[in-house]
Structures are given as C-alpha cells and as structure tokens.
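S.K.: Below is the file work.cif, with mmCIF, C-alpha atoms.
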data_data
loop_
_atom_site.label_atom_id
_atom_site.label_comp_id
_atom_site.auth_asym_id
_atom_site.auth_seq_id
_atom_site.Cartn_x
_atom_site.Cartn_y
_atom_site.Cartn_z
CA MET W 1 -65.67 -83.09 133.41
CA HIS W 2 -64.62 -79.69 134.68
CA ALA W 3 -62.40 -77.56 132.43
CA ALA W 4 -60.76 -74.21 133.13
CA VAL W 5 -60.06 -71.88 130.20
CA VAL W 6 -57.27 -69.44 131.02
CA VAL W 7 -57.72 -65.89 129.76
CA PHE W 8 -54.76 -63.55 129.19
CA PRO W 9 -54.89 -59.95 127.98
CA GLY W 10 -54.92 -60.49 124.21
CA SER W 11 -56.45 -63.99 124.23
CA ASN W 12 -59.08 -64.10 121.48
CA CYS W 13 -60.09 -67.75 121.17
CA ASP W 14 -61.06 -68.23 124.81
CA ARG W 15 -64.82 -68.18 124.24
CA ASP W 16 -64.57 -70.44 121.17
CA LEU W 17 -62.64 -72.95 123.23
CA ALA W 18 -65.14 -72.72 126.11
CA VAL W 19 -68.08 -73.24 123.73
CA ALA W 20 -66.44 -76.26 122.08
CA LEU W 21 -65.83 -77.84 125.50
CA GLN W 22 -69.35 -77.05 126.71
CA ARG W 23 -70.94 -78.52 123.59
CA ALA W 24 -69.00 -81.71 124.27
CA GLY W 25 -70.49 -81.81 127.77
CA ALA W 26 -67.81 -80.17 129.92
CA ARG W 27 -68.45 -77.69 132.71
CA VAL W 28 -66.25 -74.69 131.97
CA THR W 29 -64.84 -72.01 134.27
CA MET W 30 -62.98 -69.03 132.82
CA VAL W 31 -59.83 -68.17 134.81
CA TRP W 32 -58.13 -64.76 134.62
CA HIS W 33 -54.34 -64.84 134.30
CA LYS W 34 -53.82 -62.91 137.54
CA ASP W 35 -55.52 -65.63 139.55
CA THR W 36 -52.94 -67.74 141.28
CA ALA W 37 -55.12 -70.74 142.06
CA LEU W 38 -57.19 -72.92 139.76
CA PRO W 39 -60.79 -73.80 140.64
CA GLN W 40 -61.07 -76.84 142.91
CA GLY W 41 -61.28 -80.17 141.13
CA VAL W 42 -60.37 -79.00 137.64
CA ASP W 43 -59.70 -81.92 135.28
CA LEU W 44 -58.46 -80.01 132.25
CA ILE W 45 -56.79 -76.65 131.73
CA ALA W 46 -57.29 -75.20 128.27
CA ILE W 47 -55.02 -72.38 127.10
CA PRO W 48 -56.55 -70.56 124.16
CA GLY W 49 -55.19 -68.90 121.06
CA GLY W 50 -54.70 -65.20 120.60
CA PHE W 51 -51.93 -62.71 121.11
CA SER W 52 -51.28 -62.71 124.83
CA PHE W 53 -49.53 -59.48 125.85
CA GLY W 54 -49.37 -58.44 122.19
CA ASP W 55 -46.77 -61.14 121.48
CA TYR W 56 -44.21 -58.75 123.02
CA LEU W 57 -40.68 -60.09 123.52
CA ARG W 58 -41.60 -63.54 122.11
CA CYS W 59 -45.00 -65.16 121.58
CA GLY W 60 -46.13 -66.53 124.94
CA ALA W 61 -43.06 -65.35 126.86
CA ILE W 62 -44.83 -62.84 129.10
CA ALA W 63 -47.88 -65.08 129.61
CA ALA W 64 -45.55 -67.89 130.68
CA ASN W 65 -44.59 -65.70 133.64
CA SER W 66 -48.14 -64.71 134.61
CA PRO W 67 -49.26 -65.80 138.10
CA ILE W 68 -51.60 -68.50 136.70
CA SER W 69 -48.83 -70.10 134.65
CA GLN W 70 -47.13 -71.45 137.77
CA SER W 71 -50.40 -73.21 138.65
CA VAL W 72 -50.70 -74.57 135.11
CA LYS W 73 -47.16 -75.92 135.37
CA ALA W 74 -47.86 -77.49 138.77
CA HIS W 75 -51.09 -79.02 137.43
CA ALA W 76 -49.16 -80.59 134.51
CA GLU W 77 -46.35 -81.77 136.79
CA LYS W 78 -48.72 -83.65 139.06
CA GLY W 79 -50.27 -85.42 136.07
CA GLY W 80 -53.12 -83.05 135.20
CA TYR W 81 -54.46 -82.61 131.66
CA VAL W 82 -53.62 -79.49 129.67
CA LEU W 83 -54.57 -78.44 126.14
CA GLY W 84 -52.78 -75.50 124.50
CA VAL W 85 -54.00 -74.26 121.14
CA CYS W 86 -51.96 -71.84 118.99
CA ASN W 87 -50.80 -69.13 121.43
CA GLY W 88 -51.59 -71.73 124.12
CA PHE W 89 -49.02 -74.06 122.52
CA GLN W 90 -46.50 -71.21 122.43
CA ILE W 91 -47.13 -70.54 126.13
CA LEU W 92 -46.64 -74.25 126.98
CA THR W 93 -43.25 -74.27 125.23
CA GLU W 94 -42.25 -71.02 126.96
CA THR W 95 -43.12 -72.54 130.36
CA ARG W 96 -41.15 -75.64 129.25
CA VAL W 97 -44.15 -77.86 129.93
CA LEU W 98 -43.62 -78.98 126.32
CA PRO W 99 -40.24 -79.15 124.56
CA GLY W 100 -39.08 -77.08 121.60
CA THR W 101 -40.34 -73.72 120.46
CA LEU W 102 -42.35 -71.98 117.74
CA LEU W 103 -40.38 -69.76 115.37
CA ARG W 104 -41.61 -67.21 112.82
CA ASN W 105 -43.27 -68.93 109.82
CA ALA W 106 -40.68 -69.80 107.17
CA GLY W 107 -42.55 -67.68 104.60
CA LEU W 108 -42.73 -64.77 107.10
CA LYS W 109 -46.47 -64.40 106.47
CA TYR W 110 -49.38 -64.71 108.83
CA ILE W 111 -51.39 -67.67 107.55
CA CYS W 112 -55.12 -68.07 108.21
CA ARG W 113 -56.78 -70.97 106.38
CA PRO W 114 -57.97 -74.54 106.81
CA VAL W 115 -55.19 -77.14 106.50
CA ASP W 116 -55.17 -80.92 106.30
CA LEU W 117 -53.59 -82.75 109.22
CA THR W 118 -52.65 -86.37 109.64
CA VAL W 119 -53.55 -87.76 113.04
CA THR W 120 -50.21 -89.36 113.88
CA THR W 121 -51.32 -91.18 117.02
CA ALA W 122 -54.68 -92.11 118.49
CA GLY W 123 -52.99 -93.04 121.76
CA SER W 124 -53.93 -90.02 123.88
CA PRO W 125 -57.11 -88.70 125.49
CA PHE W 126 -57.05 -85.88 122.93
CA THR W 127 -56.88 -88.08 119.85
CA CYS W 128 -58.66 -91.25 121.03
CA ARG W 129 -61.73 -90.54 118.89
CA TYR W 130 -59.59 -90.38 115.74
CA GLU W 131 -57.78 -93.16 113.97
CA ALA W 132 -54.03 -93.05 113.46
CA GLY W 133 -53.38 -92.08 109.86
CA GLN W 134 -56.73 -90.31 109.48
CA THR W 135 -56.72 -86.95 107.68
CA ILE W 136 -58.71 -84.13 109.27
CA THR W 137 -59.20 -80.50 108.22
CA VAL W 138 -58.71 -77.81 110.85
CA PRO W 139 -57.86 -74.11 110.43
CA ILE W 140 -54.57 -72.50 111.32
CA ALA W 141 -54.18 -68.79 112.11
CA HIS W 142 -50.66 -67.88 113.09
CA HIS W 143 -47.50 -65.97 112.29
CA ASP W 144 -45.20 -67.99 114.53
CA GLY W 145 -46.06 -71.65 114.11
CA ASN W 146 -42.80 -72.99 112.76
CA TYR W 147 -42.05 -75.76 115.26
CA HIS W 148 -38.39 -76.16 116.11
CA ALA W 149 -36.58 -78.56 118.44
CA ASP W 150 -33.09 -80.03 118.61
CA SER W 151 -32.43 -83.44 117.08
CA ASP W 152 -32.44 -85.28 120.44
CA THR W 153 -35.86 -83.87 121.28
CA LEU W 154 -37.20 -84.77 117.83
CA ALA W 155 -35.90 -88.31 118.15
CA ALA W 156 -37.55 -88.65 121.57
CA LEU W 157 -40.87 -87.28 120.26
CA ALA W 158 -40.84 -89.77 117.39
CA ASP W 159 -39.64 -92.76 119.46
CA GLN W 160 -42.25 -92.16 122.16
CA ASP W 161 -45.06 -91.66 119.62
CA ARG W 162 -45.60 -88.12 120.93
CA ILE W 163 -46.25 -86.35 117.62
CA ALA W 164 -50.03 -85.95 117.69
CA PHE W 165 -50.59 -84.22 114.34
CA ARG W 166 -48.56 -83.57 111.21
CA TYR W 167 -49.34 -81.16 108.37
CA VAL W 168 -50.14 -82.95 105.10
CA ARG W 169 -48.66 -79.93 103.24
CA ASN W 170 -46.33 -78.04 105.55
CA PRO W 171 -47.52 -74.39 105.64
CA ASN W 172 -44.95 -72.84 107.97
CA GLY W 173 -41.65 -74.70 107.84
CA SER W 174 -42.21 -76.79 110.97
CA VAL W 175 -39.56 -79.45 111.38
CA ASP W 176 -40.82 -82.93 110.52
CA ASP W 177 -44.20 -81.33 109.52
CA ILE W 178 -45.11 -81.18 113.22
CA ALA W 179 -48.44 -79.50 114.02
CA GLY W 180 -48.95 -80.78 117.56
CA ILE W 181 -47.06 -82.71 120.25
CA LEU W 182 -47.82 -84.57 123.46
CA SER W 183 -46.02 -84.57 126.80
CA GLU W 184 -44.25 -87.71 127.95
CA ASN W 185 -47.26 -88.81 130.03
CA ARG W 186 -49.55 -87.98 127.03
CA ARG W 187 -51.71 -85.69 129.19
CA VAL W 188 -50.54 -82.39 127.72
CA LEU W 189 -51.17 -81.51 124.08
CA GLY W 190 -49.92 -78.41 122.32
CA MET W 191 -51.02 -77.74 118.74
CA MET W 192 -51.00 -74.78 116.36
CA PRO W 193 -54.24 -75.61 114.45
CA HIS W 194 -57.57 -74.65 116.02
CA PRO W 195 -59.89 -77.64 116.62
CA GLU W 196 -62.38 -75.31 118.36
CA ARG W 197 -62.88 -73.47 115.05
CA MET W 198 -64.00 -76.65 113.30
CA ALA W 199 -66.32 -78.06 115.93
CA GLU W 200 -69.87 -77.50 114.68
CA PRO W 201 -71.55 -77.52 111.25
CA ALA W 202 -71.77 -73.71 111.10
CA HIS W 203 -67.94 -73.65 111.13
CA GLY W 204 -67.90 -75.44 107.78
CA GLY W 205 -66.74 -78.71 109.28
CA THR W 206 -66.72 -80.70 112.50
CA ASP W 207 -63.37 -82.49 112.42
CA GLY W 208 -62.27 -80.77 115.64
CA ALA W 209 -65.31 -81.87 117.66
CA ALA W 210 -63.98 -85.41 118.19
CA MET W 211 -61.10 -84.03 120.24
CA PHE W 212 -63.43 -82.41 122.78
CA ALA W 213 -65.84 -85.37 122.78
CA GLY W 214 -62.94 -87.75 123.40
CA LEU W 215 -61.53 -85.59 126.17
CA VAL W 216 -64.85 -85.27 127.99
CA ASP W 217 -65.42 -88.99 127.66
CA GLN W 218 -61.97 -90.00 128.92
CA LEU W 219 -61.78 -87.48 131.75
CA ALA W 220 -65.30 -88.16 132.99
CA ASN W 221 -64.22 -91.77 133.50
CA ALA W 222 -60.75 -90.93 134.81
CA MET Q 223 -26.09 -48.60 136.20
CA LYS Q 224 -26.96 -49.78 132.76
CA ALA Q 225 -26.60 -53.09 131.04
CA ARG Q 226 -27.19 -54.15 127.48
CA VAL Q 227 -28.30 -57.66 126.60
CA HIS Q 228 -27.57 -58.95 123.10
CA ILE Q 229 -29.81 -61.81 122.03
CA MET Q 230 -29.13 -63.88 118.91
CA LEU Q 231 -30.57 -67.06 117.45
CA LYS Q 232 -28.20 -69.94 118.07
CA THR Q 233 -26.12 -71.27 115.20
CA GLY Q 234 -28.12 -73.80 113.25
CA VAL Q 235 -31.51 -72.24 114.00
CA LEU Q 236 -32.99 -70.97 110.75
CA ASP Q 237 -33.61 -67.22 110.70
CA PRO Q 238 -36.29 -66.51 108.07
CA GLN Q 239 -36.26 -62.78 108.91
CA GLY Q 240 -32.51 -62.52 108.44
CA GLU Q 241 -32.87 -64.39 105.16
CA ALA Q 242 -35.53 -61.92 103.96
CA VAL Q 243 -33.22 -59.01 104.84
CA ARG Q 244 -30.39 -60.67 102.88
CA HIS Q 245 -32.67 -60.95 99.84
CA ALA Q 246 -33.72 -57.31 100.16
CA LEU Q 247 -30.08 -56.18 100.34
CA GLY Q 248 -29.43 -58.19 97.17
CA SER Q 249 -32.29 -56.50 95.35
CA LEU Q 250 -30.88 -53.10 96.36
CA GLY Q 251 -27.71 -54.08 94.54
CA PHE Q 252 -25.53 -54.92 97.54
CA ASP Q 253 -23.65 -57.94 96.24
CA GLY Q 254 -21.68 -60.33 98.38
CA VAL Q 255 -23.93 -60.42 101.44
CA ASN Q 256 -23.47 -64.07 102.32
CA SER Q 257 -25.82 -64.23 105.24
CA VAL Q 258 -27.79 -62.04 107.64
CA ARG Q 259 -28.71 -62.95 111.19
CA GLN Q 260 -31.18 -60.76 113.03
CA GLY Q 261 -31.19 -60.49 116.81
CA LYS Q 262 -32.33 -58.04 119.44
CA VAL Q 263 -30.80 -55.69 121.94
CA ILE Q 264 -32.41 -54.97 125.30
CA GLU Q 265 -31.15 -52.08 127.45
CA LEU Q 266 -31.70 -52.33 131.18
CA ASP Q 267 -31.53 -49.43 133.62
CA LEU Q 268 -30.71 -51.13 136.92
CA ALA Q 269 -30.21 -50.32 140.56
CA ASP Q 270 -26.51 -49.68 141.22
CA GLY Q 271 -24.68 -52.78 142.33
CA THR Q 272 -26.90 -55.27 140.49
CA ASP Q 273 -24.60 -58.20 139.92
CA GLU Q 274 -24.07 -59.97 136.64
CA ALA Q 275 -25.50 -63.22 138.03
CA THR Q 276 -28.85 -61.46 138.55
CA ILE Q 277 -28.82 -60.17 134.98
CA ASN Q 278 -27.99 -63.65 133.71
CA ASP Q 279 -30.96 -64.94 135.71
CA MET Q 280 -33.20 -62.36 133.98
CA CYS Q 281 -31.95 -63.64 130.63
CA GLU Q 282 -32.49 -67.29 131.51
CA ARG Q 283 -35.98 -66.78 132.91
CA LEU Q 284 -37.45 -64.22 130.52
CA LEU Q 285 -35.31 -62.19 128.14
CA ALA Q 286 -33.97 -65.08 126.05
CA ASN Q 287 -35.46 -68.43 125.11
CA THR Q 288 -32.37 -70.56 125.56
CA VAL Q 289 -33.92 -73.35 123.47
CA ILE Q 290 -33.14 -71.24 120.39
CA GLU Q 291 -31.37 -68.10 121.54
CA SER Q 292 -28.02 -67.25 123.07
CA TYR Q 293 -27.37 -64.04 124.97
CA ARG Q 294 -24.47 -61.86 125.98
CA VAL Q 295 -24.56 -59.31 128.81
CA GLU Q 296 -22.63 -56.08 128.46
CA ILE Q 297 -22.32 -53.86 131.55
CA LEU Q 298 -22.18 -50.21 130.44
#
Represent the structure contained in this file as structure tokens.

M.R.:
Amino acid sequence: MHAAVVVFPGSNCDRDLAVALQRAGARVTMVWHKDTALPQGVDLIAIPGGFSFGDYLRCGAIAANSPISQSVKAHAEKGGYVLGVCNGFQILTETRVLPGTLLRNAGLKYICRPVDLTVTTAGSPFTCRYEAGQTITVPIAHHDGNYHADSDTLAALADQDRIAFRYVRNPNGSVDDIAGILSENRRVLGMMPHPERMAEPAHGGTDGAAMFAGLVDQLANA
Amino acid sequence: MKARVHIMLKTGVLDPQGEAVRHALGSLGFDGVNSVRQGKVIELDLADGTDEATINDMCERLLANTVIESYRVEIL
C-alpha cells in the first residue's frame, strides 16, 4: 500500500502520521503542498494535523486552496482513499470533500489530552479492525474541533451510518458528540482525535494502531 | 477602489466567542447586553473597475465559509 502524506507550512503531525503508516506496512511518500500532482499509484492520501498557514482566516481555509488540494479533491472524487486528522479534517471540510465545519471549542480553550471515543461503525476501511460500540482512547489536541453541520446533513450522516467516532464525554461542544465522519462512499475519513499519537506502546497506548493496520490490509487487497 | 467585506456567523450557529464577550461585559457591570455576535471585517484594495460579482466570488471561494458564515460586500 502506497500512502502520500501532504505537508503544509505549519503541519506538525506529518512525521507521526508517516511513521504510523510505515509501522503498519505502508510505503509512504511525503508531498509538499506546492506540488500539483500526487505520486503515481497512490492508494491513500493522509492529511496531517498542525496549524497550516497559522490557522489564518479560518483553520484549513488557506490550505484548502493550495495547489495540492485540487489533486486531493480529484483523488477523492474518483473514489480514492483520504484520511484527514485534526487540521487535516478541517482542510477536508474547507475543500467540501466532507460536509459541515469545525468551530471554535465551546469552552474556548485549546484542549490537549487523551479522550475516550466510541467506534460508531466498523463498516469502513478505517474502522474495520474495531468493533462497533467499542471504546478506544486516543488523544485530542485542538482549539477548533467543535463539529457543526445543518440538520439535514446530520440526518444524512446518521442514516447512512457515516459517523465513525463519537466522544464518550464531549470535550468541545461537537453536535451529536461527533469526533469523526466518513464520506458517502466511506473512503474518506475526517477526525479530530489523533490515532497516530496512540499507535505504539511508547505512546502510552496502541488503540490507534488498528486504524493503520486495517487500512494497509484493506488497501493492499483493493 | 476599495471594498469592505463583513462576515458574520449565520443565525443559529453558536458563537462561543461572542458569548464569552457578553459574559465579560456583564462582569464589567454593563447590564442588559442580551447577546453578542462576533464577526470579521476584511478590507480589500482592488484594481479599479473590479465588479461586485468578482468580489462575491472571492467571498464564496475563500473569504467566507458559507456553511456557517454569511457575508456582505460594501464598495467604498
């Protein structure tokens, strides 16, 4: 499985994400945001956390208009796999690859700590190694993770089983406790928590590793 | 020419920052502040003759996130 990790000025989880994918068996290429084309034969695009362009204007808004973002959008539109973590999730909503948006945390504070998540669906290549209803612990680190969408979008997400993760104790005001959502074809996942920061024993837990293992497994056989 | 873009959260979208400002005004003793909504103003210095449709396009594609924000263009 060949993954591309996109790097923006201000990305700071790019290497963590690359290491997590590599440990799961993926071949990883780092891609600079000014590149317009993705490496040939890429199976997965991973958009890391951080503070792309200093979060100026809105989190992810400038990155969403970087040259590479058009290629990410095209990759998703033709059925490619995309994972966006934290700022990566914000970028995917700003490019409208995923619906809704991430507002300032309801408590107005930056929150950095492990949180419990319920795996809401196992029906995606990202969550296939988990069981629906399982609780996992993964860290969050964000100031703008308060997921918001209109009621029609929320109804569609629920009806189509596209809510991937919910917070057990909502830390940021996200509507419906949403921590991560899937695209309609279930090949794009955006989530605020950081699975790559809970992927090996030295991290204090390995609950995130199953996401990368599942992805590599599914995409190698795709 | 210059234009000013006013961007506000749409009605119904919670504004935690505005709410914090309302609380702070209350603690300063300003009674009767029922609600505060915080937005942003962007001033554009543009080539003469830029039409309003182009400015609207800038708003739609970058300056505002129309999922949660509305905007108003003022030509100065």

S.K.: List as CSV every residue of region 44-117 of chain W that is in contact with region 237-242 of chain Q, defined as an atom at most 10 Å from one of its atoms (using only C-alpha atoms), together with the nearest atom pair and the distance in Å rounded to one decimal, sorted by chain and then rising number.

M.R.:
residue,atom,partner,partner_atom,distance
W:Leu103,CA,Q:Asp237,CA,8.6
W:Arg104,CA,Q:Pro238,CA,7.2
W:Asn105,CA,Q:Pro238,CA,7.6
W:Ala106,CA,Q:Pro238,CA,5.6
W:Gly107,CA,Q:Pro238,CA,7.3
W:Leu108,CA,Q:Pro238,CA,6.7

S.K.: If we count only C-alpha atoms, what is near Asn278 (chain Q) at a cut-off of 9 Å, once residues fewer than 3 positions away on the same chain are taken out, given as a list in words?

M.R.: Asp273, Glu274, Ala275, Cys281, Glu282, Arg283, Tyr293, Arg294 and Val295 of chain Q

S.K.: Which residues would end up in the selection if the PyMOL selection byres ((chain Q) within 12 of (chain W)) were applied here, given that I need the answer as a VMD selection string?

M.R.: chain Q and resid 229 231 to 243 261 to 264 280 to 291

S.K.: For the file shown, report as an MDAnalysis selection string the outcome of the PyMOL selection byres ((chain W and resi 170) around 12) at residue level.

M.R.: chainID W and resid 105:107 111 115:118 140 145:147 165:169 171:179

S.K.: Figure out the distance between CA of His228 (chain Q) and CA of Gly248 (chain Q), please, to one decimal in Å.

M.R.: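 CA of Gly248 (chain Q) sits 26.0 Å away from CA of His228 (chain Q).
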
S.K.: What would the selection look like, as number ranges by chain, if the PyMOL selection byres ((chain W and resi 9) around 7) were run on the coordinates I just shared?

M.R.: W: 7-8, 10-11, 52-53

S.K.: If we count all atoms listed in the file, what is near region 47-49 of chain W at a cut-off of 7 Å, once residues fewer than 5 positions away on the same chain are taken out, given as a PyMOL selection string?

M.R.: chain W and resi 5-6+11-14+17+83-88

S.K.: Counting only C-alpha atoms, which of W:Leu38, W:Ala210, W:Ala164, W:Leu215 gets nearest to Gly123 (chain W)?

M.R.: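 Closest to Gly123 (chain W) of all the choices is W:Ala164.
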
S.K.: If you keep N, CA and C atoms, can you output region 257-291 of chain Q as a short mmCIF file (atom, residue, chain, number, x, y, z; two decimals), in the first residue's frame?

M.R.:
data_model
loop_
_atom_site.label_atom_id
_atom_site.label_comp_id
_atom_site.auth_asym_id
_atom_site.auth_seq_id
_atom_site.Cartn_x
_atom_site.Cartn_y
_atom_site.Cartn_z
N SER Q 257 -27.20 39.76 23.90
CA SER Q 257 -26.39 38.80 23.15
C SER Q 257 -25.29 39.54 22.41
N VAL Q 258 -24.20 38.84 22.13
CA VAL Q 258 -23.09 39.41 21.37
C VAL Q 258 -22.75 38.43 20.26
N ARG Q 259 -22.63 38.92 19.06
CA ARG Q 259 -22.18 38.10 17.93
C ARG Q 259 -20.90 38.73 17.40
N GLN Q 260 -19.88 37.91 17.24
CA GLN Q 260 -18.59 38.42 16.78
C GLN Q 260 -18.36 38.00 15.34
N GLY Q 261 -17.97 38.94 14.51
CA GLY Q 261 -17.68 38.61 13.11
C GLY Q 261 -16.33 39.15 12.72
N LYS Q 262 -16.10 39.29 11.42
CA LYS Q 262 -14.85 39.92 11.00
C LYS Q 262 -15.07 40.81 9.79
N VAL Q 263 -14.16 41.74 9.67
CA VAL Q 263 -14.21 42.70 8.56
C VAL Q 263 -12.91 42.58 7.77
N ILE Q 264 -13.03 42.43 6.46
CA ILE Q 264 -11.85 42.32 5.60
C ILE Q 264 -11.89 43.47 4.60
N GLU Q 265 -10.83 44.28 4.57
CA GLU Q 265 -10.76 45.38 3.61
C GLU Q 265 -9.91 44.98 2.44
N LEU Q 266 -10.42 45.21 1.25
CA LEU Q 266 -9.72 44.84 0.02
C LEU Q 266 -9.38 46.10 -0.76
N ASP Q 267 -8.12 46.20 -1.18
CA ASP Q 267 -7.71 47.28 -2.08
C ASP Q 267 -7.62 46.65 -3.46
N LEU Q 268 -8.49 47.07 -4.37
CA LEU Q 268 -8.69 46.35 -5.63
C LEU Q 268 -8.38 47.23 -6.83
N ALA Q 269 -8.06 46.56 -7.93
CA ALA Q 269 -7.89 47.29 -9.19
C ALA Q 269 -9.21 47.98 -9.53
N ASP Q 270 -9.11 49.22 -10.03
CA ASP Q 270 -10.33 49.96 -10.37
C ASP Q 270 -11.16 49.17 -11.38
N GLY Q 271 -12.46 49.19 -11.18
CA GLY Q 271 -13.34 48.51 -12.11
C GLY Q 271 -13.64 47.07 -11.75
N THR Q 272 -13.05 46.58 -10.65
CA THR Q 272 -13.38 45.21 -10.22
C THR Q 272 -14.87 45.15 -9.94
N ASP Q 273 -15.55 44.19 -10.57
CA ASP Q 273 -17.00 44.19 -10.36
C ASP Q 273 -17.40 43.40 -9.12
N GLU Q 274 -18.62 43.66 -8.69
CA GLU Q 274 -19.09 43.08 -7.44
C GLU Q 274 -19.18 41.55 -7.55
N ALA Q 275 -19.46 41.06 -8.75
CA ALA Q 275 -19.54 39.60 -8.93
C ALA Q 275 -18.21 38.94 -8.60
N THR Q 276 -17.10 39.61 -8.98
CA THR Q 276 -15.77 39.06 -8.69
C THR Q 276 -15.53 39.04 -7.18
N ILE Q 277 -15.96 40.10 -6.50
CA ILE Q 277 -15.77 40.15 -5.05
C ILE Q 277 -16.62 39.07 -4.38
N ASN Q 278 -17.83 38.89 -4.87
CA ASN Q 278 -18.68 37.82 -4.33
C ASN Q 278 -18.01 36.46 -4.51
N ASP Q 279 -17.37 36.28 -5.67
CA ASP Q 279 -16.67 35.03 -5.94
C ASP Q 279 -15.53 34.81 -4.94
N MET Q 280 -14.81 35.90 -4.61
CA MET Q 280 -13.75 35.82 -3.59
C MET Q 280 -14.33 35.35 -2.26
N CYS Q 281 -15.49 35.88 -1.92
CA CYS Q 281 -16.14 35.53 -0.65
C CYS Q 281 -16.54 34.06 -0.66
N GLU Q 282 -17.15 33.63 -1.75
CA GLU Q 282 -17.63 32.25 -1.84
C GLU Q 282 -16.50 31.24 -1.78
N ARG Q 283 -15.37 31.60 -2.44
CA ARG Q 283 -14.30 30.61 -2.58
C ARG Q 283 -13.29 30.65 -1.46
N LEU Q 284 -13.17 31.78 -0.75
CA LEU Q 284 -12.13 31.84 0.29
C LEU Q 284 -12.55 32.62 1.53
N LEU Q 285 -13.03 33.85 1.35
CA LEU Q 285 -13.13 34.75 2.50
C LEU Q 285 -14.16 34.28 3.53
N ALA Q 286 -15.25 33.70 3.06
CA ALA Q 286 -16.28 33.21 4.00
C ALA Q 286 -16.46 31.71 3.81
N ASN Q 287 -16.79 31.04 4.88
CA ASN Q 287 -17.21 29.63 4.79
C ASN Q 287 -18.72 29.64 4.85
N THR Q 288 -19.34 29.49 3.68
CA THR Q 288 -20.79 29.71 3.61
C THR Q 288 -21.59 28.58 4.29
N VAL Q 289 -20.89 27.56 4.78
CA VAL Q 289 -21.58 26.55 5.60
C VAL Q 289 -22.07 27.21 6.90
N ILE Q 290 -21.27 28.12 7.43
CA ILE Q 290 -21.60 28.73 8.73
C ILE Q 290 -21.65 30.25 8.70
N GLU Q 291 -21.10 30.86 7.65
CA GLU Q 291 -20.98 32.31 7.65
C GLU Q 291 -21.75 32.95 6.50
#
